[in-house]
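> Following this line is target.csv, made up of CSV, C-alpha atoms and all ligand atoms:
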chain,number,residue,atom,x,y,z
V,1,MET,CA,-21.1,1.4,-10.8
V,2,ASN,CA,-19.6,-1.4,-8.8
V,3,ARG,CA,-21.4,-3.3,-6.1
V,4,VAL,CA,-20.0,-3.6,-2.6
V,5,ILE,CA,-19.9,-7.3,-1.6
V,6,ARG,CA,-18.3,-6.7,1.8
V,7,ARG,CA,-16.7,-3.9,3.8
V,8,GLU,CA,-15.4,-4.5,7.3
V,9,MET,CA,-12.8,-2.9,9.7
V,10,ILE,CA,-10.1,-5.5,10.3
V,11,VAL,CA,-7.9,-3.5,12.7
V,12,PRO,CA,-8.5,0.0,13.9
V,13,ASN,CA,-8.8,2.4,10.9
V,14,MET,CA,-8.0,-0.4,8.4
V,15,HIS,CA,-10.8,-1.7,6.2
V,16,VAL,CA,-11.3,-4.6,3.8
V,17,LEU,CA,-13.5,-3.7,0.8
V,18,VAL,CA,-14.6,-6.3,-1.6
V,19,LEU,CA,-16.1,-4.9,-4.8
V,20,GLU,CA,-17.8,-6.6,-7.8
V,21,ALA,CA,-15.5,-5.8,-10.8
V,22,PRO,CA,-15.5,-8.8,-13.1
V,23,GLU,CA,-13.5,-7.2,-15.9
V,24,ILE,CA,-10.7,-6.0,-13.6
V,25,ALA,CA,-10.6,-9.4,-11.8
V,26,THR,CA,-9.7,-11.2,-15.0
V,27,LYS,CA,-6.8,-8.8,-15.8
V,28,VAL,CA,-5.3,-7.6,-12.6
V,29,LYS,CA,-1.7,-8.6,-11.5
V,30,PRO,CA,0.2,-8.2,-8.3
V,31,GLY,CA,1.3,-4.6,-7.7
V,32,GLN,CA,-1.4,-2.9,-9.7
V,33,PHE,CA,-4.0,-0.5,-8.4
V,34,VAL,CA,-7.5,0.8,-9.2
V,35,ILE,CA,-9.0,4.3,-9.0
V,36,VAL,CA,-12.1,4.3,-6.9
V,37,ARG,CA,-14.7,7.1,-6.6
V,38,HIS,CA,-17.3,6.8,-3.8
V,39,ASP,CA,-20.1,8.8,-5.7
V,40,ASP,CA,-20.5,11.0,-8.7
V,41,GLU,CA,-19.2,14.0,-6.9
V,42,GLY,CA,-16.4,12.1,-5.1
V,43,GLU,CA,-12.6,12.4,-5.4
V,44,ARG,CA,-10.8,9.7,-7.5
V,45,ILE,CA,-8.5,7.9,-5.1
V,46,PRO,CA,-5.9,5.2,-6.0
V,47,LEU,CA,-6.0,2.0,-4.1
V,48,SER,CA,-3.9,-1.1,-4.6
V,49,VAL,CA,-5.5,-4.4,-5.3
V,50,ALA,CA,-4.9,-6.8,-2.4
V,51,ASP,CA,-6.6,-9.9,-3.8
V,52,TRP,CA,-9.1,-10.9,-6.4
V,53,ASP,CA,-11.3,-13.8,-7.4
V,54,GLU,CA,-11.6,-14.3,-11.1
V,55,GLU,CA,-14.6,-16.8,-10.8
V,56,LYS,CA,-16.6,-14.6,-8.5
V,57,GLY,CA,-15.6,-11.4,-10.4
V,58,THR,CA,-14.5,-9.6,-7.2
V,59,LEU,CA,-11.6,-7.4,-6.1
V,60,THR,CA,-10.3,-7.1,-2.5
V,61,ILE,CA,-8.8,-3.8,-1.4
V,62,VAL,CA,-7.4,-2.9,2.0
V,63,PHE,CA,-7.6,0.7,2.8
V,64,MET,CA,-6.7,3.0,5.7
V,65,GLU,CA,-9.2,5.7,6.8
V,66,VAL,CA,-7.1,8.8,6.7
V,67,GLY,CA,-9.3,11.6,5.3
V,68,ALA,CA,-12.6,12.5,3.5
V,69,SER,CA,-12.6,10.0,0.7
V,70,THR,CA,-11.4,7.0,2.6
V,71,GLY,CA,-13.9,8.1,5.3
V,72,GLN,CA,-16.7,7.8,2.8
V,73,LEU,CA,-15.5,4.3,1.7
V,74,ALA,CA,-15.4,3.3,5.4
V,75,SER,CA,-19.2,3.9,5.7
V,76,LEU,CA,-20.1,1.5,2.8
V,77,LYS,CA,-22.2,-1.6,3.5
V,78,ALA,CA,-22.8,-4.8,1.5
V,79,GLY,CA,-25.2,-4.0,-1.3
V,80,ASP,CA,-24.1,-0.3,-1.7
V,81,ASN,CA,-22.5,0.8,-4.9
V,82,VAL,CA,-19.4,2.9,-5.6
V,83,ALA,CA,-19.6,5.3,-8.6
V,84,THR,CA,-16.3,4.2,-10.2
V,85,CYS,CA,-13.7,1.5,-10.0
V,86,VAL,CA,-11.3,1.8,-12.9
V,87,GLY,CA,-8.3,-0.4,-13.6
V,88,PRO,CA,-6.1,-2.3,-13.4
V,89,LEU,CA,-3.7,0.6,-13.5
V,90,GLY,CA,0.1,0.9,-13.2
V,91,ASN,CA,2.8,-1.7,-14.0
V,92,PRO,CA,2.6,-5.1,-12.3
V,93,THR,CA,5.4,-6.1,-9.9
V,94,GLU,CA,8.3,-7.8,-11.6
V,95,ILE,CA,7.9,-11.5,-10.8
V,96,ALA,CA,10.9,-13.7,-11.4
V,97,LYS,CA,13.1,-16.2,-9.5
V,98,PHE,CA,15.4,-13.8,-7.6
V,99,GLY,CA,16.4,-16.2,-4.8
V,100,THR,CA,15.6,-14.9,-1.4
V,101,VAL,CA,13.1,-12.0,-1.3
V,102,MET,CA,12.4,-10.0,1.8
V,103,CYS,CA,9.0,-8.4,1.6
V,104,VAL,CA,8.6,-5.5,4.1
V,105,ALA,CA,5.1,-4.3,4.6
V,106,GLY,CA,3.3,-1.9,6.9
V,107,CYS,CA,-0.1,-0.3,7.2
V,108,TYR,CA,-2.2,-0.8,4.1
V,109,GLY,CA,0.9,-2.2,2.4
V,110,ILE,CA,0.4,-5.4,4.3
V,111,GLY,CA,-2.7,-6.0,2.1
V,112,SER,CA,-1.1,-4.9,-1.1
V,113,MET,CA,2.0,-7.0,-0.4
V,114,TYR,CA,-0.1,-10.3,-0.2
V,115,PRO,CA,-0.5,-11.0,-3.9
V,116,VAL,CA,3.1,-10.0,-4.5
V,117,VAL,CA,4.4,-12.5,-2.0
V,118,ARG,CA,2.0,-15.2,-3.3
V,119,ALA,CA,3.3,-14.7,-6.9
V,120,LEU,CA,7.0,-14.6,-5.9
V,121,LYS,CA,6.5,-17.8,-3.9
V,122,GLU,CA,4.9,-19.5,-6.9
V,123,ALA,CA,7.9,-18.3,-9.0
V,124,GLY,CA,10.2,-20.4,-6.7
V,125,ASN,CA,11.6,-17.7,-4.4
V,126,ARG,CA,12.4,-18.1,-0.7
V,127,ILE,CA,10.2,-15.5,1.0
V,128,ILE,CA,10.9,-13.6,4.2
V,129,THR,CA,7.9,-11.5,5.1
V,130,VAL,CA,8.4,-8.6,7.5
V,131,THR,CA,5.2,-6.9,8.8
V,132,GLU,CA,5.6,-3.7,10.7
V,133,GLY,CA,3.2,-1.6,12.8
V,134,ARG,CA,2.9,0.4,16.0
V,135,SER,CA,1.5,-2.6,17.9
V,136,SER,CA,0.6,-6.2,17.4
V,137,TYR,CA,-3.1,-5.4,17.3
V,138,LEU,CA,-2.5,-3.4,14.0
V,139,LEU,CA,-0.9,-6.4,12.2
V,140,TYR,CA,-3.3,-8.4,10.1
V,141,TRP,CA,-3.5,-11.3,7.5
V,142,THR,CA,-0.8,-13.3,9.2
V,143,ASP,CA,-2.8,-16.4,8.4
V,144,ARG,CA,-2.6,-15.6,4.7
V,145,PHE,CA,1.1,-14.8,4.8
V,146,VAL,CA,1.9,-18.0,6.7
V,147,ARG,CA,0.7,-20.0,3.6
V,148,VAL,CA,3.0,-18.2,1.2
V,149,SER,CA,6.1,-17.3,3.2
V,150,ASP,CA,9.1,-19.3,4.4
V,151,LYS,CA,9.7,-17.0,7.4
V,152,ILE,CA,7.5,-14.3,9.0
V,153,LEU,CA,9.1,-11.6,11.2
V,154,ASN,CA,7.4,-8.7,12.9
V,155,ILE,CA,8.5,-5.2,14.0
V,156,THR,CA,6.3,-3.4,16.5
V,157,ARG,CA,6.9,0.1,18.0
V,158,ASP,CA,5.9,-1.1,21.4
V,159,GLY,CA,7.6,-4.5,21.2
V,160,SER,CA,4.3,-6.3,21.7
V,161,GLN,CA,5.2,-8.7,18.8
V,162,GLY,CA,8.6,-9.5,17.3
V,163,THR,CA,11.4,-6.9,17.3
V,164,LYS,CA,10.8,-3.7,19.2
V,165,GLY,CA,11.3,-0.5,17.2
V,166,HIS,CA,10.6,0.5,13.7
V,167,ALA,CA,12.4,0.3,10.3
V,168,SER,CA,15.6,1.3,12.0
V,169,ARG,CA,15.8,-2.3,13.3
V,170,LEU,CA,16.0,-3.7,9.8
V,171,PRO,CA,19.8,-3.9,9.7
V,172,ASP,CA,19.8,-6.1,12.9
V,173,ILE,CA,17.1,-8.3,11.3
V,174,ILE,CA,19.0,-8.6,8.0
V,175,ASN,CA,22.3,-9.2,9.7
V,176,GLY,CA,20.7,-12.0,11.8
V,177,LEU,CA,19.6,-13.9,8.7
V,178,PRO,CA,21.7,-16.9,7.5
V,179,ALA,CA,22.2,-15.0,4.1
V,180,ARG,CA,21.4,-11.6,2.9
V,181,PRO,CA,18.2,-11.3,0.8
V,182,ASP,CA,18.8,-10.9,-3.0
V,183,ARG,CA,16.0,-8.4,-3.2
V,184,VAL,CA,13.8,-6.3,-0.9
V,185,ILE,CA,10.3,-5.1,-1.8
V,186,VAL,CA,8.6,-2.5,0.4
V,187,ASN,CA,4.9,-1.6,0.5
V,188,GLY,CA,3.4,0.9,3.0
V,189,CYS,CA,3.9,4.4,4.3
V,190,THR,CA,6.5,6.8,2.9
V,191,PHE,CA,8.6,6.6,6.1
V,192,LEU,CA,8.9,2.8,5.8
V,193,MET,CA,9.8,2.9,2.1
V,194,ALA,CA,12.3,5.7,2.4
V,195,TYR,CA,13.9,4.3,5.6
V,196,THR,CA,14.2,0.8,4.3
V,197,SER,CA,15.7,2.0,1.1
V,198,GLU,CA,18.4,3.9,3.0
V,199,VAL,CA,19.2,0.8,5.0
V,200,THR,CA,19.4,-1.5,1.9
V,201,ARG,CA,21.4,1.1,-0.1
V,202,GLN,CA,24.0,0.8,2.6
V,203,LEU,CA,23.9,-3.0,2.5
V,204,GLY,CA,23.9,-3.0,-1.4
V,205,ILE,CA,20.6,-5.0,-1.7
V,206,PRO,CA,18.3,-4.0,-4.7
V,207,THR,CA,15.1,-2.6,-3.4
V,208,VAL,CA,11.7,-2.0,-5.0
V,209,VAL,CA,9.2,0.5,-3.5
V,210,ASN,CA,5.5,0.9,-4.4
V,211,LEU,CA,5.2,4.7,-4.5
V,212,ASN,CA,2.0,6.4,-3.2
V,213,PRO,CA,2.0,10.0,-4.5
V,214,ILE,CA,-1.2,12.0,-4.9
V,215,MET,CA,-2.9,10.9,-8.1
V,216,THR,CA,-5.8,12.3,-10.1
V,217,ASP,CA,-6.4,10.6,-13.5
V,218,GLY,CA,-4.0,7.7,-13.0
V,219,THR,CA,-3.4,7.5,-16.7
V,220,GLY,CA,-0.4,9.8,-17.3
V,221,MET,CA,-2.3,12.9,-18.3
V,222,CYS,CA,-2.5,15.3,-15.4
V,223,GLY,CA,1.1,15.1,-14.1
V,224,VAL,CA,0.0,15.2,-10.4
V,225,CYS,CA,1.9,12.0,-9.6
V,226,ARG,CA,5.3,13.4,-10.9
V,227,VAL,CA,8.3,11.9,-9.1
V,228,THR,CA,12.0,12.1,-9.7
V,229,VAL,CA,13.8,8.8,-10.1
V,230,ALA,CA,17.5,8.5,-11.0
V,231,GLY,CA,17.4,12.2,-11.8
V,232,GLN,CA,14.6,11.8,-14.4
V,233,MET,CA,10.9,12.9,-14.2
V,234,LYS,CA,8.5,10.0,-14.0
V,235,PHE,CA,4.8,9.7,-13.6
V,236,ALA,CA,4.1,7.1,-10.9
V,237,CYS,CA,0.8,6.0,-12.4
V,238,VAL,CA,2.1,4.9,-15.8
V,239,ASP,CA,5.9,4.6,-15.2
V,240,GLY,CA,5.4,3.0,-11.8
V,241,PRO,CA,4.1,2.8,-9.1
V,242,GLU,CA,7.2,0.6,-8.5
V,243,PHE,CA,10.7,2.1,-8.7
V,244,SER,CA,14.1,1.4,-7.2
V,245,GLY,CA,14.0,2.8,-3.7
V,246,HIS,CA,17.7,3.8,-4.1
V,247,GLU,CA,16.9,6.1,-7.0
V,248,VAL,CA,13.8,8.0,-5.7
V,249,ASP,CA,14.3,11.6,-4.7
V,250,TRP,CA,12.6,11.1,-1.3
V,251,LYS,CA,12.9,14.8,-0.2
V,252,GLU,CA,11.0,16.0,-3.2
V,253,PHE,CA,8.5,13.1,-2.9
V,254,LEU,CA,7.7,14.0,0.7
V,255,ALA,CA,7.3,17.7,-0.1
V,256,ARG,CA,4.9,17.0,-3.0
V,257,ARG,CA,2.8,14.6,-0.9
V,258,LYS,CA,2.1,17.4,1.5
V,259,ALA,CA,1.0,19.9,-1.3
V,260,TYR,CA,-2.7,19.7,-0.6
V,261,LEU,CA,-2.6,19.2,3.2
V,262,GLU,CA,-4.6,22.4,4.0
V,263,GLU,CA,-7.3,21.7,1.4
V,264,GLU,CA,-7.5,18.1,2.5
V,265,ALA,CA,-8.0,19.2,6.2
V,266,LEU,CA,-10.7,21.7,5.1
V,267,PHE,CA,-12.6,19.2,3.0
V,268,PHE,CA,-12.3,16.6,5.8
V,269,ARG,CA,-13.7,19.1,8.4
V,270,HIS,CA,-16.7,20.0,6.1
V,271,SER,CA,-17.5,16.5,4.9
V,272,ALA,CA,-17.0,14.5,8.1
V,273,PRO,CA,-16.9,16.9,11.1
V,274,ASN,CA,-17.6,14.2,13.7
V,275,GLN,CA,-15.4,11.6,12.4
V,276,ILE,CA,-12.6,10.4,14.7
V,277,VAL,CA,-9.4,9.0,13.2
V,278,HIS,CA,-8.0,6.6,15.7
V,279,GLU,CA,-4.5,7.2,16.9
V,280,GLY,CA,-3.7,3.5,16.5
V,281,GLY,CA,-4.3,3.6,12.7
V,282,LYS,CA,-2.0,6.5,12.0
V,283,CYS,CA,0.9,6.0,9.6
V,284,HIS,CA,4.4,6.6,10.7
V,285,SER,CA,5.2,9.1,8.0
U,301,LIG,C1,-0.7,3.7,-6.4
U,301,LIG,C2,-1.3,3.9,-5.1
U,301,LIG,C3,-1.8,2.9,-4.4
U,301,LIG,C4,-2.4,3.1,-3.1
U,301,LIG,N1,-3.0,2.1,-2.4
U,301,LIG,C5,-3.6,2.3,-1.3
U,301,LIG,C6,-4.2,1.2,-0.6
U,301,LIG,O1,-4.2,0.0,-1.1
U,301,LIG,N2,-4.8,1.4,0.6
U,301,LIG,C7,-4.8,2.7,1.1
U,301,LIG,O2,-5.3,2.9,2.2
U,301,LIG,N3,-4.2,3.7,0.5
U,301,LIG,C8,-3.6,3.6,-0.7
U,301,LIG,N4,-3.1,4.6,-1.3
U,301,LIG,C9,-3.2,5.9,-0.7
U,301,LIG,C10,-4.6,6.5,-0.9
U,301,LIG,O3,-4.8,6.8,-2.2
U,301,LIG,C11,-4.8,7.8,0.0
U,301,LIG,O4,-4.6,7.4,1.3
U,301,LIG,C12,-6.1,8.4,-0.3
U,301,LIG,O5,-6.1,9.0,-1.5
U,301,LIG,C13,-6.4,9.5,0.8
U,301,LIG,O6,-7.6,10.1,0.5
U,301,LIG,P1,-8.5,10.8,1.6
U,301,LIG,O7,-9.4,11.8,0.9
U,301,LIG,O8,-9.2,9.8,2.4
U,301,LIG,O9,-7.5,11.5,2.4
U,301,LIG,P2,-6.9,13.0,2.2
U,301,LIG,O10,-7.7,14.0,2.8
U,301,LIG,O11,-6.6,13.1,0.7
U,301,LIG,O12,-5.5,12.8,2.9
U,301,LIG,C14,-5.6,12.6,4.4
U,301,LIG,C15,-4.2,12.4,4.8
U,301,LIG,O13,-3.6,11.2,4.1
U,301,LIG,C16,-2.4,11.6,3.5
U,301,LIG,N5,-2.4,11.1,2.1
U,301,LIG,C17,-2.9,11.6,1.0
U,301,LIG,N6,-2.6,10.9,-0.1
U,301,LIG,C18,-1.8,9.9,0.4
U,301,LIG,C19,-1.2,8.8,-0.2
U,301,LIG,N7,-1.2,8.7,-1.5
U,301,LIG,N8,-0.6,7.9,0.6
U,301,LIG,C20,-0.6,8.0,1.9
U,301,LIG,N9,-1.1,9.1,2.5
U,301,LIG,C21,-1.8,10.0,1.8
U,301,LIG,C22,-2.5,13.1,3.4
U,301,LIG,O14,-1.2,13.7,3.4
U,301,LIG,C23,-3.3,13.5,4.6
U,301,LIG,O15,-2.4,13.6,5.7
U,301,LIG,C24,-2.5,4.4,-2.6
U,301,LIG,C25,-1.9,5.5,-3.3
U,301,LIG,C26,-1.3,5.2,-4.5
U,301,LIG,C27,-0.7,6.4,-5.3
U,302,LIG,S1,-2.1,10.7,-11.8
U,302,LIG,FE1,-2.2,12.0,-13.5
U,302,LIG,S2,-0.3,11.7,-14.5
U,302,LIG,FE2,-0.3,10.2,-12.9
Please express the file's structure as structure tokens.

Amino acid sequence: MNRVIRREMIVPNMHVLVLEAPEIATKVKPGQFVIVRHDDEGERIPLSVADWDEEKGTLTIVFMEVGASTGQLASLKAGDNVATCVGPLGNPTEIAKFGTVMCVAGCYGIGSMYPVVRALKEAGNRIITVTEGRSSYLLYWTDRFVRVSDKILNITRDGSQGTKGHASRLPDIINGLPARPDRVIVNGCTFLMAYTSEVTRQLGIPTVVNLNPIMTDGTGMCGVCRVTVAGQMKFACVDGPEFSGHEVDWKEFLARRKAYLEEEALFFRHSAPNQIVHEGGKCHS
């Protein structure tokens, strides 16, 4: 069991969860994830680690309330326990001196991008952080990103902050920079990752995406997280979750993500019939 230190909603539908997990906090690296289970009967869900404190032995997770399991996590209070928090899982993000790195983040990916940006900055890169959301009130952690980025840009659907539109405005943003980035990293919803990858493929910029398929065991045994990358079958939990966005079979990826939609809706109706999922927190995908 892992004790909840803090759980709070930071923007509509988006929560920060701080868990006591001293063993994970000493080992975790940017880009890795944990599998969390609310209670003994709960579903195992993968969540990226957005920060950690080795001294206090805590992990910070940013999660979006989209269904039954994230709904259960959203009701946690300080002092409660979750039944399981296993990790760190997956391969860490490759951290090296690439030059200029553009880090594009939306939705819960803003949280998971933070340790990646911090580590890339420490490795001597010039960082351009781009945060994306439906509206300015859905963007968060700007104060953190300011400390580790050279430039921060925003894209909002309604134009309330930064460039108006969605990922389709990235070519304008990239073409407006003094020099093209040497690498692009994308964390967030499938739409953002797939669209950005298509943009950067055309511009010839290497692009890394942090894939979010449905997962069960997270250790390469069940095959649920199967994805096709460069024509080869990969398991996102052990071979990823990061892959070249230019090599992912996005059509198959999207189809597999929807495989359990009916069951998820049924479970959600039974477990949280009165729960309201705010429109503002919905993903673009
Ligand atoms: C490696 C990895 C890291 C992740 N990190 C985070 C994170 O840091 N924060 C976070 O909020 N979520 C993260 N996710 C997604 C998260 O695991 C799912 O949102 C969660 O499992 C949904 O569970 P649920 O029961 O609440 O919703 P469900 O009832 O299972 O699903 C509700 C809705 O969410 C959609 N959904 C289901 N699985 C995913 C998914 N993997 N990604 C996006 N939408 C999904 C469904 O299609 C459905 O429309 C990550 C996924 C992976 C694979
Ligand atoms: S989640 Fe089971 S193989 Fe990846």
> For a cut-off of 12 Å around (18.3, 0.9, 3.8), file coordinates, pick out all residues using all atoms listed in the file and list them as JSON, numbers by chain.
{"V": [104, 167, 168, 169, 170, 171, 172, 173, 174, 183, 184, 185, 186, 191, 192, 193, 194, 195, 196, 197, 198, 199, 200, 201, 202, 203, 204, 205, 206, 207, 208, 209, 244, 245, 246]}
> Per residue of chain V within 9 Å of ligand LIG 302 (chain U), what are the shortest atom pair and its distance in Å to one decimal, counting only C-alpha atoms and all ligand atoms, with rows by chain and residue number, as JSON lines?

{"residue": "V:Pro46", "atom": "CA", "partner": "U:LIG302", "partner_atom": "S1", "distance": 8.9}
{"residue": "V:Pro213", "atom": "CA", "partner": "U:LIG302", "partner_atom": "S1", "distance": 8.4}
{"residue": "V:Ile214", "atom": "CA", "partner": "U:LIG302", "partner_atom": "S1", "distance": 7.1}
{"residue": "V:Met215", "atom": "CA", "partner": "U:LIG302", "partner_atom": "S1", "distance": 3.8}
{"residue": "V:Thr216", "atom": "CA", "partner": "U:LIG302", "partner_atom": "S1", "distance": 4.4}
{"residue": "V:Asp217", "atom": "CA", "partner": "U:LIG302", "partner_atom": "FE1", "distance": 4.4}
{"residue": "V:Gly218", "atom": "CA", "partner": "U:LIG302", "partner_atom": "S1", "distance": 3.7}
{"residue": "V:Thr219", "atom": "CA", "partner": "U:LIG302", "partner_atom": "FE2", "distance": 5.6}
{"residue": "V:Gly220", "atom": "CA", "partner": "U:LIG302", "partner_atom": "S2", "distance": 3.4}
{"residue": "V:Met221", "atom": "CA", "partner": "U:LIG302", "partner_atom": "S2", "distance": 4.5}
{"residue": "V:Cys222", "atom": "CA", "partner": "U:LIG302", "partner_atom": "FE1", "distance": 3.8}
{"residue": "V:Gly223", "atom": "CA", "partner": "U:LIG302", "partner_atom": "S2", "distance": 3.7}
{"residue": "V:Val224", "atom": "CA", "partner": "U:LIG302", "partner_atom": "FE1", "distance": 5.0}
{"residue": "V:Cys225", "atom": "CA", "partner": "U:LIG302", "partner_atom": "FE2", "distance": 4.4}
{"residue": "V:Arg226", "atom": "CA", "partner": "U:LIG302", "partner_atom": "FE2", "distance": 6.8}
{"residue": "V:Lys234", "atom": "CA", "partner": "U:LIG302", "partner_atom": "FE2", "distance": 8.9}
{"residue": "V:Phe235", "atom": "CA", "partner": "U:LIG302", "partner_atom": "FE2", "distance": 5.2}
{"residue": "V:Ala236", "atom": "CA", "partner": "U:LIG302", "partner_atom": "FE2", "distance": 5.7}
{"residue": "V:Cys237", "atom": "CA", "partner": "U:LIG302", "partner_atom": "FE2", "distance": 4.4}
{"residue": "V:Val238", "atom": "CA", "partner": "U:LIG302", "partner_atom": "FE2", "distance": 6.5}
{"residue": "V:Asp239", "atom": "CA", "partner": "U:LIG302", "partner_atom": "FE2", "distance": 8.7}
> If you count only C-alpha atoms and all ligand atoms, which residues end up within 7 Å of ligand LIG 301 (chain U), as a ChimeraX atom specification?
/V:33,45-50,61-71,108-109,111-112,189,211-215,237,241,257-258,261,264-265,268
> Let me see the file: selected residues, C-alpha atoms, as a compact mmCIF listing (two decimals), in the frame of the given file.

# COMPACT_ATOMS: atom_id res chain seq x y z
CA PHE V 33 -4.00 -0.50 -8.40
CA ILE V 45 -8.50 7.90 -5.10
CA PRO V 46 -5.90 5.20 -6.00
CA LEU V 47 -6.00 2.00 -4.10
CA SER V 48 -3.90 -1.10 -4.60
CA VAL V 49 -5.50 -4.40 -5.30
CA ALA V 50 -4.90 -6.80 -2.40
CA ILE V 61 -8.80 -3.80 -1.40
CA VAL V 62 -7.40 -2.90 2.00
CA PHE V 63 -7.60 0.70 2.80
CA MET V 64 -6.70 3.00 5.70
CA GLU V 65 -9.20 5.70 6.80
CA VAL V 66 -7.10 8.80 6.70
CA GLY V 67 -9.30 11.60 5.30
CA ALA V 68 -12.60 12.50 3.50
CA SER V 69 -12.60 10.00 0.70
CA THR V 70 -11.40 7.00 2.60
CA GLY V 71 -13.90 8.10 5.30
CA TYR V 108 -2.20 -0.80 4.10
CA GLY V 109 0.90 -2.20 2.40
CA GLY V 111 -2.70 -6.00 2.10
CA SER V 112 -1.10 -4.90 -1.10
CA CYS V 189 3.90 4.40 4.30
CA LEU V 211 5.20 4.70 -4.50
CA ASN V 212 2.00 6.40 -3.20
CA PRO V 213 2.00 10.00 -4.50
CA ILE V 214 -1.20 12.00 -4.90
CA MET V 215 -2.90 10.90 -8.10
CA CYS V 237 0.80 6.00 -12.40
CA PRO V 241 4.10 2.80 -9.10
CA ARG V 257 2.80 14.60 -0.90
CA LYS V 258 2.10 17.40 1.50
CA LEU V 261 -2.60 19.20 3.20
CA GLU V 264 -7.50 18.10 2.50
CA ALA V 265 -8.00 19.20 6.20
CA PHE V 268 -12.30 16.60 5.80
> Hey, can you check how far atom CA of V:Asn91 sits from atom CA of V:Phe253?
19.4 Å
> Which residues, written as an MDAnalysis selection string, have at least one atom at most 12 Å from stretch 5-13 of chain V, with all atoms listed in the file counted and residues fewer than 6 positions away on the same chain left out?
chainID V and resid 19:21 56:67 70:82 107:108 110:111 133:141 275:283
> For the atom pair atom CA of V:Glu94 and atom CA of V:Lys29, what is the interatomic distance in Å to one decimal place?
10.0 Å
> Check the smallest atom-to-atom distance from each of V:Pro22, V:Gly240, V:Gly99, V:Pro30 to V:Asn2 using all atoms listed in the file, then report the winner.
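Ranked by minimum distance to V:Asn2, first place goes to V:Pro22.
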> What does the structure give for the distance between atom CA of V:Val116 and atom CA of V:Asn210, in Å to one decimal?
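Rounded to one decimal, the two atoms are 11.2 Å apart.
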> Of the residues V:Val4, V:Val229, V:Val28, V:Met14, which is the one nearest to V:Lys251, using all atoms listed in the file?
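Smallest separation from V:Lys251 among the options: V:Val229.
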> Using only C-alpha atoms, which residue out of V:Gly231, V:Asp150, V:Ala119, V:Glu132 lies closest to V:Gly165?
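Closest residue, counting only C-alpha atoms: V:Glu132.
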> Take stretch 58-62 of chain V, bring it up to all heavy atoms, and give me the output as a compact mmCIF listing (two decimals), in the coordinates of the input.

# COMPACT_ATOMS: atom_id res chain seq x y z
N THR V 58 -14.61 -10.62 -8.30
CA THR V 58 -14.50 -9.60 -7.20
C THR V 58 -13.01 -9.19 -7.02
O THR V 58 -12.08 -9.94 -7.30
CB THR V 58 -15.02 -10.15 -5.89
OG1 THR V 58 -14.31 -11.35 -5.57
CG2 THR V 58 -16.50 -10.42 -5.96
N LEU V 59 -12.87 -7.98 -6.47
CA LEU V 59 -11.60 -7.40 -6.10
C LEU V 59 -11.57 -7.17 -4.60
O LEU V 59 -12.59 -6.74 -4.06
CB LEU V 59 -11.37 -6.04 -6.70
CG LEU V 59 -11.26 -5.85 -8.18
CD1 LEU V 59 -10.98 -4.38 -8.45
CD2 LEU V 59 -10.16 -6.72 -8.74
N THR V 60 -10.44 -7.41 -3.94
CA THR V 60 -10.30 -7.10 -2.50
C THR V 60 -9.31 -5.93 -2.39
O THR V 60 -8.21 -5.99 -2.96
CB THR V 60 -9.86 -8.29 -1.71
OG1 THR V 60 -10.83 -9.33 -1.88
CG2 THR V 60 -9.73 -7.96 -0.22
N ILE V 61 -9.70 -4.93 -1.63
CA ILE V 61 -8.80 -3.80 -1.40
C ILE V 61 -8.71 -3.63 0.12
O ILE V 61 -9.68 -3.85 0.85
CB ILE V 61 -9.53 -2.50 -1.97
CG1 ILE V 61 -9.54 -2.55 -3.51
CG2 ILE V 61 -8.87 -1.21 -1.46
CD1 ILE V 61 -10.52 -1.59 -4.13
N VAL V 62 -7.52 -3.28 0.59
CA VAL V 62 -7.40 -2.90 2.00
C VAL V 62 -7.04 -1.46 2.07
O VAL V 62 -6.10 -1.00 1.43
CB VAL V 62 -6.20 -3.75 2.65
CG1 VAL V 62 -5.97 -3.29 4.08
CG2 VAL V 62 -6.52 -5.24 2.64
